[in-house]
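Student: If you scroll down you'll find the structure; I have some questions about it.
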Amino acid sequence: MIDITVQKRIYLSSPHMSGNEQKYIKEAFRTNWIAPLGPNVDTFEKDIAAYTGVNEAAAVSSGTAAIHLALSLLGVEKGDTVFCSTLTFIASANPILYLGAEPVFIDSEPETWNMSPQALEKAFMDAALNGKLPKAVIVVNLYGQSAKMDELTELCDQYEVPMIEDAAESIGSRYKGKPSGSFGRFGIFSFNGNKIITTSGGGMLVSNDIEAIHQARFLATQARDPAPHYQHSKIGYNYRMSNILAGIGRAQLEVLEERVEARRTIFERYQQELSTLPGIQFMPELNETYSNRWLTAMTIDEHEAGVSVSDLIEGLAAENIEARPVWKPLHMQPLFRDVQYFTHGEKESVSERLFANGICLPSGSNMEELDQSRVINCIKNLINVKEVERKIV
């Protein structure tokens, strides 16, 4: 008889509920705060601001919405340019297009995989030479690892251009003891279903500029003027988070440190078991930083390992295990084929190399050790089989 048993699906990063979410959701139902806004939203905003160490926060419908609002508050409009990390999800750059502005993409550097200060300096020098500095710089903290914030902040300050810290993937991370998301004029978080903590869908805009956050809330609520009738003097958006989702977020924030610890343990186990294999290197953690290790990411040298990223992804998929390549750099996307791009080195594009060789492994904080062993053994088998095949040839 043929065994048609399908092995349990192992996801890249599935939601992990604490069990306390129902308390806040039930409270919202009990008090009939079902419409957008309410006590959960107010408390979630205060809790995030306190956790991040900033003055104010605005809960919104997504991290993308938060970036859009930040750019709007900085006066970005048609004809402007905005510098943006290239190795990131497209949500980091789409809001630039919403406002009719043009992105300029900045390469990564190898120590953090994030925005290269060297490439950013080249972009600033070129912009200054042409008499058109950007309206903002969007720095992304990839997979939970903080960028080189000291160097990047110094450059932004030198050219007097505000920074937006895209911390969508890095809540719970720290740079020299300072929480991720607290750098620059604005910080943004995402609480999408696959993030380290989730509200199902949602985001947060944070800043030390209290008045700017008040303005963000105004814009995010259809920019309704303070009048007894419906009056609107500015373009607004339907971007506010619901009171139900904010209740989920409150419970999730309570266990954030546990989630970070779990993901870091998962990363360490991968590193211990796989780093001795030929051609494998893991995403580094910069000195004096603490990554939440949202996703465990590594590179694989096909010539040394005998397998490619696509070989691994296909091999894992055959075992019902989800894995993905690292983000495809935005300057390589068809949407941005004509956009300016500044590399880390004279010729080397670090982000392109990372895309060609990088893979993200299942990293959910609710992944059992037995499931992770399945992933590890599958990778070892794939590399060992290829090694045997090469020796036979």
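All residue names refer to the structure tokens as shown: chains lettered A, B, ... in order, residues numbered from 1 in each chain, ligands numbered from 1 in order.
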Determine, counting only C-alpha atoms, which protein, DNA and RNA residues have an atom within 12 Å of an atom of stretch 226-238 of chain A; residues of the same chain fewer than 5 positions away are not included. Present the result as a PyMOL selection string.
Tutor: chain A and resi 36-37+59-62+65-66+68-69+72-73+99+215-221
Student: Determine, counting only C-alpha atoms, which protein, DNA and RNA residues have an atom within 12 Å of an atom of stretch 281-288 of chain A; residues of the same chain fewer than 3 positions away are not included. Present the result as a ChimeraX atom specification.
Tutor: /A:109-114,141-150,173-178,264,267-278,291-302,304-305,326,354,357-361
Student: Using only C-alpha atoms, determine which residues lie at most 7 Å from A:Val307, disregarding the query and same-chain residues fewer than 4 positions distant; provide the list as number ranges by chain.
Tutor: A: 302, 311-312, 383, 386
Student: Find the residues near A:Gly131: any atom within 12 Å, counting only C-alpha atoms, skip ones fewer than 6 places away on the same chain, and give them as a ChimeraX atom specification.
Tutor: /A:81,124-125,159
Student: Write the residues you've just listed into a file as a PDB file, in the first residue's frame, and include N, CA, C and O atoms for each of them.
Tutor:
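Output contents, as saved in out.pdb:
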ATOM      1  N   THR A  81      12.400  63.885  -4.962  1.00  0.00           N
ATOM      2  CA  THR A  81      13.044  62.575  -4.884  1.00  0.00           C
ATOM      3  C   THR A  81      13.121  62.141  -3.432  1.00  0.00           C
ATOM      4  O   THR A  81      13.176  62.970  -2.509  1.00  0.00           O
ATOM      5  N   PHE A 124      24.116  61.404  -2.037  1.00  0.00           N
ATOM      6  CA  PHE A 124      24.005  62.785  -1.553  1.00  0.00           C
ATOM      7  C   PHE A 124      24.919  63.723  -2.344  1.00  0.00           C
ATOM      8  O   PHE A 124      24.516  64.843  -2.709  1.00  0.00           O
ATOM      9  N   MET A 125      26.130  63.282  -2.579  1.00  0.00           N
ATOM     10  CA  MET A 125      27.080  64.121  -3.322  1.00  0.00           C
ATOM     11  C   MET A 125      26.566  64.397  -4.730  1.00  0.00           C
ATOM     12  O   MET A 125      26.648  65.523  -5.237  1.00  0.00           O
ATOM     13  N   TYR A 159      23.401  66.818   5.453  1.00  0.00           N
ATOM     14  CA  TYR A 159      22.699  67.391   4.295  1.00  0.00           C
ATOM     15  C   TYR A 159      21.318  67.934   4.671  1.00  0.00           C
ATOM     16  O   TYR A 159      20.567  68.373   3.802  1.00  0.00           O
TER      17      TYR A 159
END
Student: Each residue of stretch 338-377 of chain A with at least one atom at most 12 Å from stretch 317-323 of chain A should appear once, together with its nearest atom pair and the corresponding distance in Å (one decimal); atoms considered: only C-alpha atoms; ordering: chain, then increasing residue number; output as a tab-separated table.
Tutor:
residue	atom	partner	partner_atom	distance
A:Gly358	CA	A:Ala323	CA	10.7
A:Ile359	CA	A:Ala323	CA	7.1
A:Cys360	CA	A:Ala323	CA	5.7
A:Leu361	CA	A:Ala323	CA	5.1
A:Pro362	CA	A:Ala323	CA	6.2
A:Ser363	CA	A:Ala323	CA	9.6
A:Gly364	CA	A:Glu322	CA	11.2
A:Met367	CA	A:Ile321	CA	11.8
A:Asp371	CA	A:Ile321	CA	9.4
A:Gln372	CA	A:Ile321	CA	10.0
A:Ser373	CA	A:Ile321	CA	11.7
A:Arg374	CA	A:Ile321	CA	8.8
A:Val375	CA	A:Ile321	CA	7.2
A:Ile376	CA	A:Ile321	CA	10.8
A:Asn377	CA	A:Glu319	CA	10.8
Student: Since we have the selection now, will you write its residues out, keeping N, CA and C atoms, as a tab-separated table (two decimals), in the first residue's frame?
Tutor:
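Written out: part-v4.tsv:
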chain	number	residue	atom	x	y	z
A	358	GLY	N	20.79	34.51	-1.34
A	358	GLY	CA	20.15	34.53	-0.02
A	358	GLY	C	18.85	33.75	0.05
A	359	ILE	N	18.60	33.17	1.22
A	359	ILE	CA	17.38	32.41	1.45
A	359	ILE	C	16.91	32.65	2.89
A	360	CYS	N	15.59	32.72	3.08
A	360	CYS	CA	14.99	32.87	4.40
A	360	CYS	C	14.37	31.54	4.81
A	361	LEU	N	14.68	31.11	6.02
A	361	LEU	CA	14.22	29.82	6.52
A	361	LEU	C	13.04	30.00	7.47
A	362	PRO	N	12.22	28.97	7.67
A	362	PRO	CA	11.11	29.07	8.62
A	362	PRO	C	11.61	29.52	9.99
A	363	SER	N	10.95	30.54	10.55
A	363	SER	CA	11.48	31.18	11.76
A	363	SER	C	10.40	31.53	12.78
A	364	GLY	N	9.18	31.04	12.60
A	364	GLY	CA	8.10	31.41	13.49
A	364	GLY	C	8.38	31.06	14.94
A	367	MET	N	7.23	27.72	16.13
A	367	MET	CA	7.75	26.51	15.49
A	367	MET	C	8.38	25.60	16.54
A	371	ASP	N	10.04	20.43	14.43
A	371	ASP	CA	9.84	20.97	13.09
A	371	ASP	C	11.12	21.60	12.56
A	372	GLN	N	11.81	22.31	13.42
A	372	GLN	CA	13.06	22.92	12.97
A	372	GLN	C	14.09	21.85	12.61
A	373	SER	N	14.09	20.76	13.34
A	373	SER	CA	14.99	19.65	13.01
A	373	SER	C	14.67	19.10	11.63
A	374	ARG	N	13.39	19.07	11.29
A	374	ARG	CA	13.00	18.64	9.94
A	374	ARG	C	13.62	19.53	8.88
A	375	VAL	N	13.58	20.83	9.11
A	375	VAL	CA	14.15	21.79	8.16
A	375	VAL	C	15.66	21.59	8.05
A	376	ILE	N	16.30	21.49	9.20
A	376	ILE	CA	17.76	21.33	9.23
A	376	ILE	C	18.18	20.05	8.52
A	377	ASN	N	17.52	18.94	8.82
A	377	ASN	CA	17.88	17.66	8.21
A	377	ASN	C	17.64	17.67	6.71
Student: Which of stretch 146-365 of chain A end up as strand (DSSP E or B) when DSSP is run on this backbone - answer as JSON, numbers by chain?
Tutor: {"A": [163, 164, 165, 166, 174, 175, 178, 179, 186, 187, 188, 189, 190, 203, 204, 205, 206, 207, 221, 224, 232, 238, 240, 242, 280, 281, 282, 289, 290, 296, 297, 298, 299, 300, 321, 324, 325, 341, 342, 358, 359, 360, 361]}
Student: For A:Asn55, list every protein, DNA or RNA residue within 12 Å, evaluated using only C-alpha atoms, and leave out those in the same chain fewer than 5 positions away; present the list as a PyMOL selection string.
Tutor: chain A and resi 45-50+182+185-187+205-214
Student: For A:Ile25, which of A:Pro134, A:Phe105, A:Thr199, A:Glu165 is the closest residue, counting only C-alpha atoms?
Tutor: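 Nearest candidate to A:Ile25 out of A:Pro134, A:Phe105, A:Thr199, A:Glu165: A:Thr199.
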Student: Excluding same-chain residues fewer than 6 positions from A:Met17, what lies within 12 Å of it counting only C-alpha atoms, as a PDB file with N, CA and C atoms, in the first residue's frame?
Tutor:
ATOM      1  N   GLY A 193       0.332  39.892   9.384  1.00  0.00           N
ATOM      2  CA  GLY A 193       0.168  38.558   9.951  1.00  0.00           C
ATOM      3  C   GLY A 193       1.447  37.766  10.106  1.00  0.00           C
ATOM      4  N   ASN A 194       2.474  38.078   9.315  1.00  0.00           N
ATOM      5  CA  ASN A 194       3.711  37.303   9.385  1.00  0.00           C
ATOM      6  C   ASN A 194       4.785  37.949  10.256  1.00  0.00           C
ATOM      7  N   LYS A 195       4.492  39.112  10.844  1.00  0.00           N
ATOM      8  CA  LYS A 195       5.497  39.813  11.631  1.00  0.00           C
ATOM      9  C   LYS A 195       5.657  39.186  13.015  1.00  0.00           C
ATOM     10  N   ILE A 196       6.668  39.643  13.742  1.00  0.00           N
ATOM     11  CA  ILE A 196       7.006  39.034  15.030  1.00  0.00           C
ATOM     12  C   ILE A 196       5.874  39.196  16.035  1.00  0.00           C
ATOM     13  N   ILE A 197       5.170  40.335  15.990  1.00  0.00           N
ATOM     14  CA  ILE A 197       3.870  40.464  16.657  1.00  0.00           C
ATOM     15  C   ILE A 197       2.899  41.013  15.623  1.00  0.00           C
ATOM     16  N   THR A 198       1.633  40.659  15.759  1.00  0.00           N
ATOM     17  CA  THR A 198       0.674  40.985  14.706  1.00  0.00           C
ATOM     18  C   THR A 198      -0.622  41.539  15.270  1.00  0.00           C
ATOM     19  N   THR A 199      -1.299  42.337  14.458  1.00  0.00           N
ATOM     20  CA  THR A 199      -2.684  42.736  14.744  1.00  0.00           C
ATOM     21  C   THR A 199      -3.577  42.227  13.623  1.00  0.00           C
ATOM     22  N   SER A 200      -3.118  41.191  12.924  1.00  0.00           N
ATOM     23  CA  SER A 200      -3.726  40.664  11.697  1.00  0.00           C
ATOM     24  C   SER A 200      -3.313  41.532  10.527  1.00  0.00           C
ATOM     25  N   ILE A 248      -5.880  43.089  19.796  1.00  0.00           N
ATOM     26  CA  ILE A 248      -4.931  42.001  19.501  1.00  0.00           C
ATOM     27  C   ILE A 248      -3.508  42.500  19.720  1.00  0.00           C
ATOM     28  N   GLY A 249      -3.241  43.710  19.236  1.00  0.00           N
ATOM     29  CA  GLY A 249      -1.903  44.277  19.367  1.00  0.00           C
ATOM     30  C   GLY A 249      -1.465  44.461  20.809  1.00  0.00           C
ATOM     31  N   ARG A 250      -2.390  44.860  21.675  1.00  0.00           N
ATOM     32  CA  ARG A 250      -2.043  45.036  23.088  1.00  0.00           C
ATOM     33  C   ARG A 250      -1.545  43.726  23.701  1.00  0.00           C
ATOM     34  N   ALA A 251      -2.251  42.646  23.406  1.00  0.00           N
ATOM     35  CA  ALA A 251      -1.850  41.346  23.946  1.00  0.00           C
ATOM     36  C   ALA A 251      -0.543  40.866  23.326  1.00  0.00           C
ATOM     37  N   GLN A 252      -0.358  41.130  22.060  1.00  0.00           N
ATOM     38  CA  GLN A 252       0.864  40.721  21.391  1.00  0.00           C
ATOM     39  C   GLN A 252       2.087  41.464  21.940  1.00  0.00           C
ATOM     40  N   LEU A 253       1.915  42.756  22.204  1.00  0.00           N
ATOM     41  CA  LEU A 253       3.027  43.548  22.727  1.00  0.00           C
ATOM     42  C   LEU A 253       3.475  43.039  24.093  1.00  0.00           C
ATOM     43  N   GLU A 254       2.540  42.494  24.859  1.00  0.00           N
ATOM     44  CA  GLU A 254       2.865  41.971  26.186  1.00  0.00           C
ATOM     45  C   GLU A 254       3.857  40.813  26.129  1.00  0.00           C
ATOM     46  N   VAL A 255       3.905  40.096  24.994  1.00  0.00           N
ATOM     47  CA  VAL A 255       4.790  38.926  24.884  1.00  0.00           C
ATOM     48  C   VAL A 255       5.908  39.149  23.864  1.00  0.00           C
ATOM     49  N   LEU A 256       6.137  40.400  23.482  1.00  0.00           N
ATOM     50  CA  LEU A 256       7.142  40.678  22.458  1.00  0.00           C
ATOM     51  C   LEU A 256       8.522  40.155  22.843  1.00  0.00           C
ATOM     52  N   GLU A 258       9.339  37.721  24.740  1.00  0.00           N
ATOM     53  CA  GLU A 258       9.350  36.259  24.615  1.00  0.00           C
ATOM     54  C   GLU A 258       9.480  35.842  23.153  1.00  0.00           C
ATOM     55  N   ARG A 259       8.790  36.570  22.274  1.00  0.00           N
ATOM     56  CA  ARG A 259       8.848  36.245  20.846  1.00  0.00           C
ATOM     57  C   ARG A 259      10.256  36.487  20.288  1.00  0.00           C
ATOM     58  N   GLY A 364       9.183  31.039  12.599  1.00  0.00           N
ATOM     59  CA  GLY A 364       8.096  31.412  13.490  1.00  0.00           C
ATOM     60  C   GLY A 364       8.383  31.062  14.939  1.00  0.00           C
ATOM     61  N   SER A 365       7.994  31.960  15.836  1.00  0.00           N
ATOM     62  CA  SER A 365       8.257  31.734  17.258  1.00  0.00           C
ATOM     63  C   SER A 365       7.454  30.562  17.816  1.00  0.00           C
ATOM     64  N   ASN A 366       6.437  30.122  17.079  1.00  0.00           N
ATOM     65  CA  ASN A 366       5.651  28.962  17.505  1.00  0.00           C
ATOM     66  C   ASN A 366       6.108  27.667  16.827  1.00  0.00           C
TER      67      ASN A 366
END
Student: Considering only C-alpha atoms, can you say which of A:Leu155, A:Val82, A:Leu87, A:Ala167 comes closest to A:Val350?
Tutor: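 Nearest to A:Val350: A:Leu87.
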Student: Just the residues within 10 Å of A:Tyr98, please, counting only C-alpha atoms, with nothing from its chain fewer than 4 positions along; format it as a list of chain:residue names.
Tutor: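 The filter keeps A:His68, A:Leu71, A:Ser72, A:Glu77, A:Lys78, A:Ala93, A:Asn94, A:Glu102.
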Student: Separation of atom CA of A:Thr52 and atom CA of A:Asn243, in Å?
Tutor: 20.9 Å
Student: Just to confirm, what's the straight-line distance from atom CA of A:Ile106 to atom CA of A:Asp338 in Å (one decimal)?
Tutor: 14.2 Å
Student: Please report the interatomic distance between atom CA of A:Ser170 and atom CA of A:Val140 in Å with one decimal.
Tutor: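 Rounded to one decimal, the two atoms are 9.1 Å apart.
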Student: Here is a test: counting only C-alpha atoms, which residue of A:Ala128, A:Ala246, A:Ala123, A:Leu370 is nearest to A:His344?
Tutor: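 Looking at the shortest contact to A:His344, the residue is A:Ala123.
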Student: Between A:Ala223, A:Met115, A:Leu316, A:Leu120, which one has atoms that come closest to A:Arg240, using only C-alpha atoms?
Tutor: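 Smallest separation from A:Arg240 among the options: A:Ala223.
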Student: Based on the backbone DSSP call, show me all residues of stretch 162-359 of chain A assigned helix (DSSP H, G or I), as a ChimeraX atom specification.
Tutor: /A:210-220,243-254,256-274,302-305,309-318,330-332,334-336,350-357
Student: Nearest to A:Thr289: which of A:Ser180, A:Glu121, A:Ala28, A:Trp33 is it, counting only C-alpha atoms?
Tutor: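 Smallest distance to A:Thr289 is found for A:Ser180.
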